[in-house]
Every structure is written in structure tokens, then in C-alpha cells.
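To be precise, the following lines are protein12.tsv, and they hold TSV, N, CA and C atoms.
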chain	number	residue	atom	x	y	z
A	1	MET	N	5.85	-11.03	5.03
A	1	MET	CA	6.82	-10.87	3.97
A	1	MET	C	8.20	-10.55	4.53
A	2	ASP	N	8.30	-10.31	5.83
A	2	ASP	CA	9.59	-9.99	6.42
A	2	ASP	C	10.58	-11.13	6.31
A	3	TYR	N	10.11	-12.35	6.35
A	3	TYR	CA	11.03	-13.49	6.29
A	3	TYR	C	11.65	-13.63	4.91
A	4	TRP	N	11.08	-13.01	3.86
A	4	TRP	CA	11.68	-13.08	2.53
A	4	TRP	C	12.82	-12.08	2.37
A	5	PHE	N	12.60	-10.87	2.84
A	5	PHE	CA	13.54	-9.79	2.57
A	5	PHE	C	14.33	-9.33	3.80
A	6	GLY	N	13.90	-9.72	4.98
A	6	GLY	CA	14.62	-9.34	6.20
A	6	GLY	C	14.60	-7.84	6.40
A	7	ASN	N	15.76	-7.28	6.67
A	7	ASN	CA	15.88	-5.84	6.91
A	7	ASN	C	16.09	-5.05	5.62
A	8	LEU	N	16.17	-5.73	4.51
A	8	LEU	CA	16.44	-5.05	3.24
A	8	LEU	C	15.29	-4.15	2.81
A	9	ILE	N	14.07	-4.63	2.99
A	9	ILE	CA	12.91	-3.87	2.53
A	9	ILE	C	11.76	-4.15	3.49
A	10	ASN	N	11.02	-3.09	3.81
A	10	ASN	CA	9.88	-3.30	4.70
A	10	ASN	C	8.60	-3.42	3.89
A	11	GLU	N	7.50	-3.73	4.55
A	11	GLU	CA	6.25	-3.99	3.85
A	11	GLU	C	5.71	-2.76	3.13
A	12	TYR	N	5.90	-1.60	3.71
A	12	TYR	CA	5.38	-0.39	3.08
A	12	TYR	C	6.08	-0.11	1.76
A	13	ILE	N	7.40	-0.26	1.73
A	13	ILE	CA	8.15	-0.03	0.49
A	13	ILE	C	7.77	-1.08	-0.55
A	14	LEU	N	7.63	-2.32	-0.13
A	14	LEU	CA	7.21	-3.38	-1.04
A	14	LEU	C	5.81	-3.10	-1.59
A	15	TYR	N	4.92	-2.63	-0.73
A	15	TYR	CA	3.56	-2.27	-1.14
A	15	TYR	C	3.61	-1.17	-2.20
A	16	LYS	N	4.43	-0.15	-1.98
A	16	LYS	CA	4.53	0.96	-2.94
A	16	LYS	C	5.14	0.50	-4.27
A	17	ILE	N	6.09	-0.41	-4.22
A	17	ILE	CA	6.69	-0.95	-5.45
A	17	ILE	C	5.63	-1.70	-6.25
A	18	ILE	N	4.87	-2.55	-5.56
A	18	ILE	CA	3.81	-3.31	-6.24
A	18	ILE	C	2.75	-2.37	-6.79
A	19	GLU	N	2.39	-1.33	-6.05
A	19	GLU	CA	1.42	-0.35	-6.54
A	19	GLU	C	1.93	0.35	-7.80
A	20	GLY	N	3.22	0.68	-7.83
A	20	GLY	CA	3.81	1.30	-9.02
A	20	GLY	C	3.76	0.37	-10.23
A	21	ILE	N	4.07	-0.90	-10.00
A	21	ILE	CA	4.01	-1.88	-11.10
A	21	ILE	C	2.57	-2.04	-11.58
A	22	ILE	N	1.61	-2.04	-10.66
A	22	ILE	CA	0.20	-2.14	-11.03
A	22	ILE	C	-0.22	-0.94	-11.87
A	23	ALA	N	0.25	0.26	-11.51
A	23	ALA	CA	-0.07	1.45	-12.29
A	23	ALA	C	0.51	1.35	-13.70
A	24	ILE	N	1.73	0.84	-13.81
A	24	ILE	CA	2.35	0.67	-15.14
A	24	ILE	C	1.58	-0.37	-15.95
A	25	LEU	N	1.20	-1.48	-15.33
A	25	LEU	CA	0.42	-2.51	-16.02
A	25	LEU	C	-0.93	-1.97	-16.48
A	26	SER	N	-1.54	-1.10	-15.68
A	26	SER	CA	-2.81	-0.50	-16.07
A	26	SER	C	-2.65	0.36	-17.32
A	27	MET	N	-1.55	1.11	-17.39
A	27	MET	CA	-1.31	1.92	-18.59
A	27	MET	C	-1.05	1.03	-19.81
A	28	ILE	N	-0.35	-0.08	-19.61
A	28	ILE	CA	-0.10	-1.02	-20.70
A	28	ILE	C	-1.41	-1.63	-21.18
A	29	ILE	N	-2.29	-1.98	-20.25
A	29	ILE	CA	-3.61	-2.53	-20.61
A	29	ILE	C	-4.39	-1.52	-21.43
A	30	PHE	N	-4.35	-0.27	-21.01
A	30	PHE	CA	-5.05	0.80	-21.74
A	30	PHE	C	-4.50	0.94	-23.16
A	31	TYR	N	-3.17	0.97	-23.30
A	31	TYR	CA	-2.54	1.09	-24.62
A	31	TYR	C	-2.88	-0.09	-25.51
A	32	LEU	N	-2.73	-1.30	-24.98
A	32	LEU	CA	-3.01	-2.49	-25.79
A	32	LEU	C	-4.48	-2.57	-26.18
A	33	GLY	N	-5.36	-2.19	-25.27
A	33	GLY	CA	-6.80	-2.20	-25.58
A	33	GLY	C	-7.14	-1.27	-26.74
A	34	ILE	N	-6.60	-0.06	-26.71
A	34	ILE	CA	-6.85	0.89	-27.81
A	34	ILE	C	-6.22	0.38	-29.10
A	35	ASN	N	-5.01	-0.14	-29.01
A	35	ASN	CA	-4.31	-0.65	-30.20
A	35	ASN	C	-5.07	-1.82	-30.82
A	36	ILE	N	-5.57	-2.72	-29.99
A	36	ILE	CA	-6.33	-3.87	-30.49
A	36	ILE	C	-7.61	-3.40	-31.16
A	37	ALA	N	-8.30	-2.44	-30.55
A	37	ALA	CA	-9.55	-1.94	-31.14
A	37	ALA	C	-9.29	-1.30	-32.50
A	38	LEU	N	-8.23	-0.52	-32.63
A	38	LEU	CA	-7.93	0.12	-33.91
A	38	LEU	C	-7.50	-0.90	-34.96
A	39	ASN	N	-6.67	-1.87	-34.56
A	39	ASN	CA	-6.26	-2.91	-35.52
A	39	ASN	C	-7.45	-3.75	-35.97
A	40	TRP	N	-8.34	-4.05	-35.04
A	40	TRP	CA	-9.52	-4.85	-35.38
A	40	TRP	C	-10.42	-4.09	-36.36
A	41	LYS	N	-10.54	-2.78	-36.15
A	41	LYS	CA	-11.34	-1.95	-37.06
A	41	LYS	C	-10.73	-1.96	-38.46
A	42	PHE	N	-9.41	-1.87	-38.56
A	42	PHE	CA	-8.73	-1.90	-39.85
A	42	PHE	C	-8.93	-3.24	-40.54
A	43	ILE	N	-8.79	-4.33	-39.78
A	43	ILE	CA	-8.92	-5.67	-40.35
A	43	ILE	C	-10.35	-5.91	-40.82
A	44	ASN	N	-11.35	-5.46	-40.07
A	44	ASN	CA	-12.75	-5.63	-40.48
A	44	ASN	C	-13.08	-4.86	-41.74
A	45	LYS	N	-12.40	-3.73	-41.98
A	45	LYS	CA	-12.62	-2.98	-43.22
A	45	LYS	C	-12.06	-3.73	-44.42
A	46	GLU	N	-10.89	-4.33	-44.24
A	46	GLU	CA	-10.22	-5.01	-45.34
A	46	GLU	C	-10.81	-6.39	-45.62
A	47	ILE	N	-11.11	-7.14	-44.56
A	47	ILE	CA	-11.65	-8.49	-44.70
A	47	ILE	C	-12.92	-8.55	-43.86
A	48	PRO	N	-14.09	-8.47	-44.51
A	48	PRO	CA	-15.33	-8.44	-43.74
A	48	PRO	C	-15.54	-9.67	-42.85
A	49	ASN	N	-15.11	-10.85	-43.29
A	49	ASN	CA	-15.30	-12.06	-42.51
A	49	ASN	C	-13.96	-12.51	-41.90
A	50	SER	N	-13.38	-11.63	-41.06
A	50	SER	CA	-12.06	-11.91	-40.51
A	50	SER	C	-12.10	-12.90	-39.35
A	51	ASN	N	-13.28	-13.29	-38.90
A	51	ASN	CA	-13.37	-14.25	-37.79
A	51	ASN	C	-12.80	-15.60	-38.18
A	52	GLU	N	-12.86	-15.95	-39.46
A	52	GLU	CA	-12.31	-17.22	-39.91
A	52	GLU	C	-10.78	-17.23	-39.83
A	53	LEU	N	-10.17	-16.06	-39.94
A	53	LEU	CA	-8.71	-15.99	-39.91
A	53	LEU	C	-8.15	-16.22	-38.52
A	54	ILE	N	-8.95	-15.96	-37.50
A	54	ILE	CA	-8.45	-16.06	-36.13
A	54	ILE	C	-8.90	-17.39	-35.53
A	55	SER	N	-8.53	-18.45	-36.14
A	55	SER	CA	-8.87	-19.78	-35.62
A	55	SER	C	-7.58	-20.55	-35.35
A	56	GLN	N	-6.68	-19.93	-34.62
A	56	GLN	CA	-5.40	-20.55	-34.31
A	56	GLN	C	-5.51	-21.21	-32.94
A	57	ASN	N	-5.40	-22.53	-32.89
A	57	ASN	CA	-5.60	-23.27	-31.65
A	57	ASN	C	-4.59	-22.91	-30.56
A	58	GLN	N	-3.33	-22.80	-30.91
A	58	GLN	CA	-2.31	-22.53	-29.90
A	58	GLN	C	-2.53	-21.17	-29.24
A	59	SER	N	-2.85	-20.15	-30.02
A	59	SER	CA	-3.13	-18.83	-29.47
A	59	SER	C	-4.39	-18.85	-28.61
A	60	PHE	N	-5.37	-19.63	-29.03
A	60	PHE	CA	-6.60	-19.73	-28.24
A	60	PHE	C	-6.32	-20.35	-26.87
A	61	TYR	N	-5.52	-21.42	-26.84
A	61	TYR	CA	-5.21	-22.07	-25.57
A	61	TYR	C	-4.40	-21.15	-24.66
A	62	ARG	N	-3.42	-20.43	-25.24
A	62	ARG	CA	-2.63	-19.49	-24.45
A	62	ARG	C	-3.52	-18.38	-23.90
A	63	SER	N	-4.39	-17.84	-24.73
A	63	SER	CA	-5.28	-16.77	-24.29
A	63	SER	C	-6.21	-17.26	-23.19
A	64	THR	N	-6.70	-18.48	-23.32
A	64	THR	CA	-7.57	-19.05	-22.30
A	64	THR	C	-6.83	-19.18	-20.98
A	65	MET	N	-5.58	-19.61	-21.02
A	65	MET	CA	-4.79	-19.76	-19.81
A	65	MET	C	-4.53	-18.40	-19.15
A	66	PHE	N	-4.24	-17.38	-19.95
A	66	PHE	CA	-3.99	-16.05	-19.39
A	66	PHE	C	-5.24	-15.49	-18.73
A	67	ILE	N	-6.39	-15.69	-19.36
A	67	ILE	CA	-7.64	-15.22	-18.76
A	67	ILE	C	-7.96	-16.00	-17.49
A	68	PHE	N	-7.67	-17.30	-17.48
A	68	PHE	CA	-7.88	-18.09	-16.26
A	68	PHE	C	-7.00	-17.56	-15.12
A	69	ILE	N	-5.73	-17.28	-15.42
A	69	ILE	CA	-4.83	-16.74	-14.40
A	69	ILE	C	-5.36	-15.41	-13.87
A	70	ALA	N	-5.76	-14.53	-14.78
A	70	ALA	CA	-6.27	-13.22	-14.35
A	70	ALA	C	-7.52	-13.38	-13.49
A	71	GLY	N	-8.45	-14.19	-13.93
A	71	GLY	CA	-9.69	-14.37	-13.18
A	71	GLY	C	-9.48	-15.04	-11.83
A	72	PHE	N	-8.64	-16.07	-11.80
A	72	PHE	CA	-8.41	-16.80	-10.55
A	72	PHE	C	-7.76	-15.91	-9.50
A	73	PHE	N	-6.70	-15.20	-9.89
A	73	PHE	CA	-6.01	-14.39	-8.89
A	73	PHE	C	-6.81	-13.15	-8.50
A	74	MET	N	-7.65	-12.64	-9.39
A	74	MET	CA	-8.52	-11.53	-8.99
A	74	MET	C	-9.58	-12.03	-8.02
A	75	LEU	N	-10.07	-13.24	-8.24
A	75	LEU	CA	-11.04	-13.85	-7.32
A	75	LEU	C	-10.41	-14.08	-5.94
A	76	VAL	N	-9.19	-14.59	-5.91
A	76	VAL	CA	-8.48	-14.80	-4.64
A	76	VAL	C	-8.25	-13.46	-3.95
A	77	HIS	N	-7.86	-12.45	-4.71
A	77	HIS	CA	-7.65	-11.11	-4.17
A	77	HIS	C	-8.92	-10.59	-3.50
A	78	GLU	N	-10.04	-10.69	-4.19
A	78	GLU	CA	-11.30	-10.20	-3.64
A	78	GLU	C	-11.78	-11.06	-2.46
A	79	PHE	N	-11.54	-12.36	-2.50
A	79	PHE	CA	-11.94	-13.24	-1.41
A	79	PHE	C	-11.20	-12.88	-0.12
A	80	PHE	N	-9.88	-12.71	-0.23
A	80	PHE	CA	-9.10	-12.37	0.96
A	80	PHE	C	-9.43	-10.98	1.48
A	81	GLU	N	-9.81	-10.06	0.60
A	81	GLU	CA	-10.22	-8.74	1.06
A	81	GLU	C	-11.49	-8.82	1.88
A	82	GLY	N	-12.36	-9.77	1.58
A	82	GLY	CA	-13.62	-9.91	2.30
A	82	GLY	C	-13.46	-10.50	3.68
A	83	LEU	N	-12.35	-11.18	3.96
A	83	LEU	CA	-12.16	-11.81	5.26
A	83	LEU	C	-11.78	-10.82	6.35
A	84	GLU	N	-11.17	-9.75	6.03
A	84	GLU	CA	-10.67	-8.67	6.87
A	84	GLU	C	-10.02	-9.12	8.17
A	85	LYS	N	-10.71	-9.81	9.04
A	85	LYS	CA	-10.15	-10.16	10.35
A	85	LYS	C	-9.02	-11.18	10.23
A	86	ASP	N	-9.26	-12.24	9.49
A	86	ASP	CA	-8.28	-13.32	9.38
A	86	ASP	C	-7.48	-13.26	8.08
A	87	ALA	N	-7.49	-12.13	7.43
A	87	ALA	CA	-6.87	-12.00	6.12
A	87	ALA	C	-5.36	-11.77	6.23
A	88	PRO	N	-4.61	-12.11	5.18
A	88	PRO	CA	-3.19	-11.81	5.16
A	88	PRO	C	-2.96	-10.30	5.06
A	89	ASP	N	-1.73	-9.87	5.10
A	89	ASP	CA	-1.43	-8.45	5.05
A	89	ASP	C	-1.75	-7.82	3.70
A	90	PHE	N	-1.73	-6.48	3.66
A	90	PHE	CA	-2.13	-5.77	2.45
A	90	PHE	C	-1.17	-5.97	1.29
A	91	VAL	N	0.08	-6.35	1.54
A	91	VAL	CA	1.03	-6.63	0.46
A	91	VAL	C	0.59	-7.87	-0.31
A	92	THR	N	0.05	-8.85	0.40
A	92	THR	CA	-0.43	-10.07	-0.26
A	92	THR	C	-1.61	-9.76	-1.16
A	93	TYR	N	-2.51	-8.86	-0.73
A	93	TYR	CA	-3.63	-8.44	-1.59
A	93	TYR	C	-3.11	-7.90	-2.91
A	94	GLU	N	-2.15	-6.99	-2.78
A	94	GLU	CA	-1.64	-6.33	-3.98
A	94	GLU	C	-0.86	-7.30	-4.86
A	95	LEU	N	-0.21	-8.28	-4.25
A	95	LEU	CA	0.51	-9.28	-5.03
A	95	LEU	C	-0.46	-10.10	-5.88
A	96	PHE	N	-1.60	-10.49	-5.30
A	96	PHE	CA	-2.61	-11.21	-6.09
A	96	PHE	C	-3.15	-10.34	-7.21
A	97	GLU	N	-3.36	-9.07	-6.93
A	97	GLU	CA	-3.85	-8.16	-7.98
A	97	GLU	C	-2.80	-7.99	-9.07
A	98	LEU	N	-1.54	-7.93	-8.69
A	98	LEU	CA	-0.45	-7.82	-9.66
A	98	LEU	C	-0.41	-9.03	-10.59
A	99	ILE	N	-0.55	-10.22	-10.02
A	99	ILE	CA	-0.54	-11.44	-10.83
A	99	ILE	C	-1.75	-11.46	-11.76
A	100	ALA	N	-2.91	-11.03	-11.26
A	100	ALA	CA	-4.11	-11.00	-12.09
A	100	ALA	C	-3.95	-10.03	-13.26
A	101	LEU	N	-3.42	-8.85	-12.99
A	101	LEU	CA	-3.22	-7.88	-14.07
A	101	LEU	C	-2.14	-8.34	-15.05
A	102	SER	N	-1.16	-9.07	-14.56
A	102	SER	CA	-0.14	-9.63	-15.47
A	102	SER	C	-0.77	-10.62	-16.44
A	103	GLY	N	-1.70	-11.45	-15.94
A	103	GLY	CA	-2.41	-12.37	-16.83
A	103	GLY	C	-3.22	-11.64	-17.88
A	104	LEU	N	-3.84	-10.53	-17.48
A	104	LEU	CA	-4.63	-9.74	-18.43
A	104	LEU	C	-3.73	-9.08	-19.47
A	105	VAL	N	-2.59	-8.57	-19.05
A	105	VAL	CA	-1.64	-7.98	-19.99
A	105	VAL	C	-1.15	-9.02	-20.99
A	106	LEU	N	-0.83	-10.22	-20.51
A	106	LEU	CA	-0.38	-11.27	-21.41
A	106	LEU	C	-1.46	-11.66	-22.42
A	107	PHE	N	-2.71	-11.70	-21.97
A	107	PHE	CA	-3.83	-11.99	-22.88
A	107	PHE	C	-3.94	-10.91	-23.96
A	108	LEU	N	-3.93	-9.66	-23.53
A	108	LEU	CA	-4.04	-8.57	-24.52
A	108	LEU	C	-2.84	-8.53	-25.45
A	109	TYR	N	-1.66	-8.85	-24.95
A	109	TYR	CA	-0.47	-8.87	-25.80
A	109	TYR	C	-0.56	-9.98	-26.84
A	110	GLU	N	-1.11	-11.11	-26.43
A	110	GLU	CA	-1.30	-12.22	-27.37
A	110	GLU	C	-2.22	-11.80	-28.53
A	111	TRP	N	-3.32	-11.14	-28.20
A	111	TRP	CA	-4.23	-10.66	-29.24
A	111	TRP	C	-3.59	-9.57	-30.08
A	112	HIS	N	-2.78	-8.73	-29.45
A	112	HIS	CA	-2.08	-7.68	-30.19
A	112	HIS	C	-1.16	-8.31	-31.24
A	113	LYS	N	-0.43	-9.36	-30.87
A	113	LYS	CA	0.46	-10.04	-31.82
A	113	LYS	C	-0.33	-10.67	-32.96
A	114	ILE	N	-1.47	-11.30	-32.65
A	114	ILE	CA	-2.29	-11.94	-33.69
A	114	ILE	C	-2.79	-10.90	-34.68
A	115	LEU	N	-3.34	-9.80	-34.17
A	115	LEU	CA	-3.89	-8.78	-35.06
A	115	LEU	C	-2.82	-8.05	-35.83
A	116	LEU	N	-1.65	-7.86	-35.23
A	116	LEU	CA	-0.56	-7.22	-35.94
A	116	LEU	C	-0.08	-8.09	-37.10
A	117	LYS	N	-0.03	-9.41	-36.87
A	117	LYS	CA	0.36	-10.34	-37.93
A	117	LYS	C	-0.67	-10.32	-39.07
A	118	LEU	N	-1.96	-10.29	-38.72
A	118	LEU	CA	-3.00	-10.23	-39.75
A	118	LEU	C	-2.92	-8.93	-40.54
A	119	LYS	N	-2.71	-7.83	-39.83
A	119	LYS	CA	-2.60	-6.53	-40.51
A	119	LYS	C	-1.41	-6.50	-41.45
A	120	LYS	N	-0.28	-7.07	-40.99
A	120	LYS	CA	0.91	-7.12	-41.82
A	120	LYS	C	0.66	-7.96	-43.08
A	121	ASN	N	-0.01	-9.11	-42.94
A	121	ASN	CA	-0.34	-9.94	-44.09
A	121	ASN	C	-1.26	-9.24	-45.06
A	122	ILE	N	-2.20	-8.46	-44.55
A	122	ILE	CA	-3.11	-7.70	-45.42
A	122	ILE	C	-2.35	-6.65	-46.21
A	123	LEU	N	-1.44	-5.94	-45.52
A	123	LEU	CA	-0.69	-4.89	-46.20
A	123	LEU	C	0.28	-5.47	-47.23
A	124	ILE	N	0.85	-6.63	-46.96
A	124	ILE	CA	1.77	-7.26	-47.92
A	124	ILE	C	1.00	-7.77	-49.14
A	125	SER	N	-0.20	-8.27	-48.94
A	125	SER	CA	-0.97	-8.85	-50.06
A	125	SER	C	-1.55	-7.78	-50.99
A	126	ARG	N	-1.48	-6.54	-50.62
A	126	ARG	CA	-2.00	-5.47	-51.48
A	126	ARG	C	-1.16	-5.30	-52.66
Please rewrite the model in this file as C-alpha cells.
Amino acid sequence: MDYWFGNLINEYILYKIIEGIIAILSMIIFYLGINIALNWKFINKEIPNSNELISQNQSFYRSTMFIFIAGFFMLVHEFFEGLEKDAPDFVTYELFELIALSGLVLFLYEWHKILLKLKKNILISR
């Protein structure tokens, strides 16, 4: 990674920055997960058969792509960790993990938007 940043930043500082971003993404995942669970519980109380409402093709394709990104980069992260001897540096490991967690955050955010829109429609129709 030295050829990207030169003397501006060393690998240890870059590693710590990526670790900090990963910690923030983990907190966002936790928040969105709880928020989605609570919104889903509210929607199931109001509309017992709410599965029919969530048949939006564009959101499904986007969600599928985000999960693919998360799974692929987590797989690459774990694969390179297993090589140990011929593996890239530890910053590259964390970069793959960062990309994977970003895909997961985007997936959860997509579902958060869908459920928030459904909840808003339910409250307006009352």
C-alpha cells in the first residue's frame, strides 16, 4: 500500500483507520438490524399477510447484489487469511472485510427504507 500513499500515511495508520470504519459499520449494522426487527413487528401486527407487499423487483435485485458483494468479499478475506505465507499484508485483509461490511450495511439500509415506507403508508391509511 506504500505506492498509493507514499510517505503520507503508513500501513499501521491505514490499518487503524480501516479498523475504526469497521467498528462504525458494525454499530450501524446493529442499529439497522434492531430497527428492521421492530418495524417488521409493527407491520406484521397491522397487516398479517405483509409478505405480499414486499414484492418489489428493483429492491430485490439491489438487495441481492449487496448480499453478493458482502459474501464475495468476506470469502476473499477469509481465503487470503488462510494462505498466511503467501498472503497479502494485513491492510488488504481489513480492506476486504470493510467492503464486505459495506455491502451488508447497504443491504440492511435497503430493507430499512422498504419497511419505513410500508410503515408510513400504514400510518397514513389509518
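The coordinates place atom CA of A:Asn44 at 26.7 Å from atom CA of A:Gly103.
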- Task: Kindly give the distance, in Å, that separates atom CA of A:Ile21 and atom CA of A:Ile114, rounded to a single decimal.
- Result: 25.5 Å
- DSSP-assigned alpha helix (DSSP H) among stretch 19-121 of chain A, expressed as a PyMOL selection string: chain A and resi 19-46+57-83+90-121
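Take the candidates A:Tyr15, A:Phe60, A:Phe66, A:Tyr31 and check each one against A:Ser102 using only C-alpha atoms; the shortest distance goes to A:Phe66.
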- Query: Using only N, CA and C atoms, which residues sit within 7 Å of stretch 72-75 of chain A once same-chain residues fewer than 6 positions away are excluded, as a PyMOL selection string?
  - Reply: chain A and resi 96-97+99-101
- Kindly give the distance, in Å, that separates atom C of A:Ile122 and atom N of A:Ile34, rounded to a single decimal.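 Taking atom C of A:Ile122 as the start and atom N of A:Ile34 as the end point, the length is 21.0 Å.
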- Message: List as a list of chain:residue names the protein and nucleic acid residues near A:Tyr93, meaning an atom at most 8 Å away when only N, CA and C atoms are counted, but skip any in the same chain fewer than 2 places from it.
- Response: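 Listed by chain and then number, they are A:Val76, A:His77, A:Glu78, A:Phe80, A:Glu81, A:Pro88, A:Asp89, A:Phe90, A:Val91, A:Leu95, A:Phe96, A:Glu97, A:Leu98, A:Ile99.
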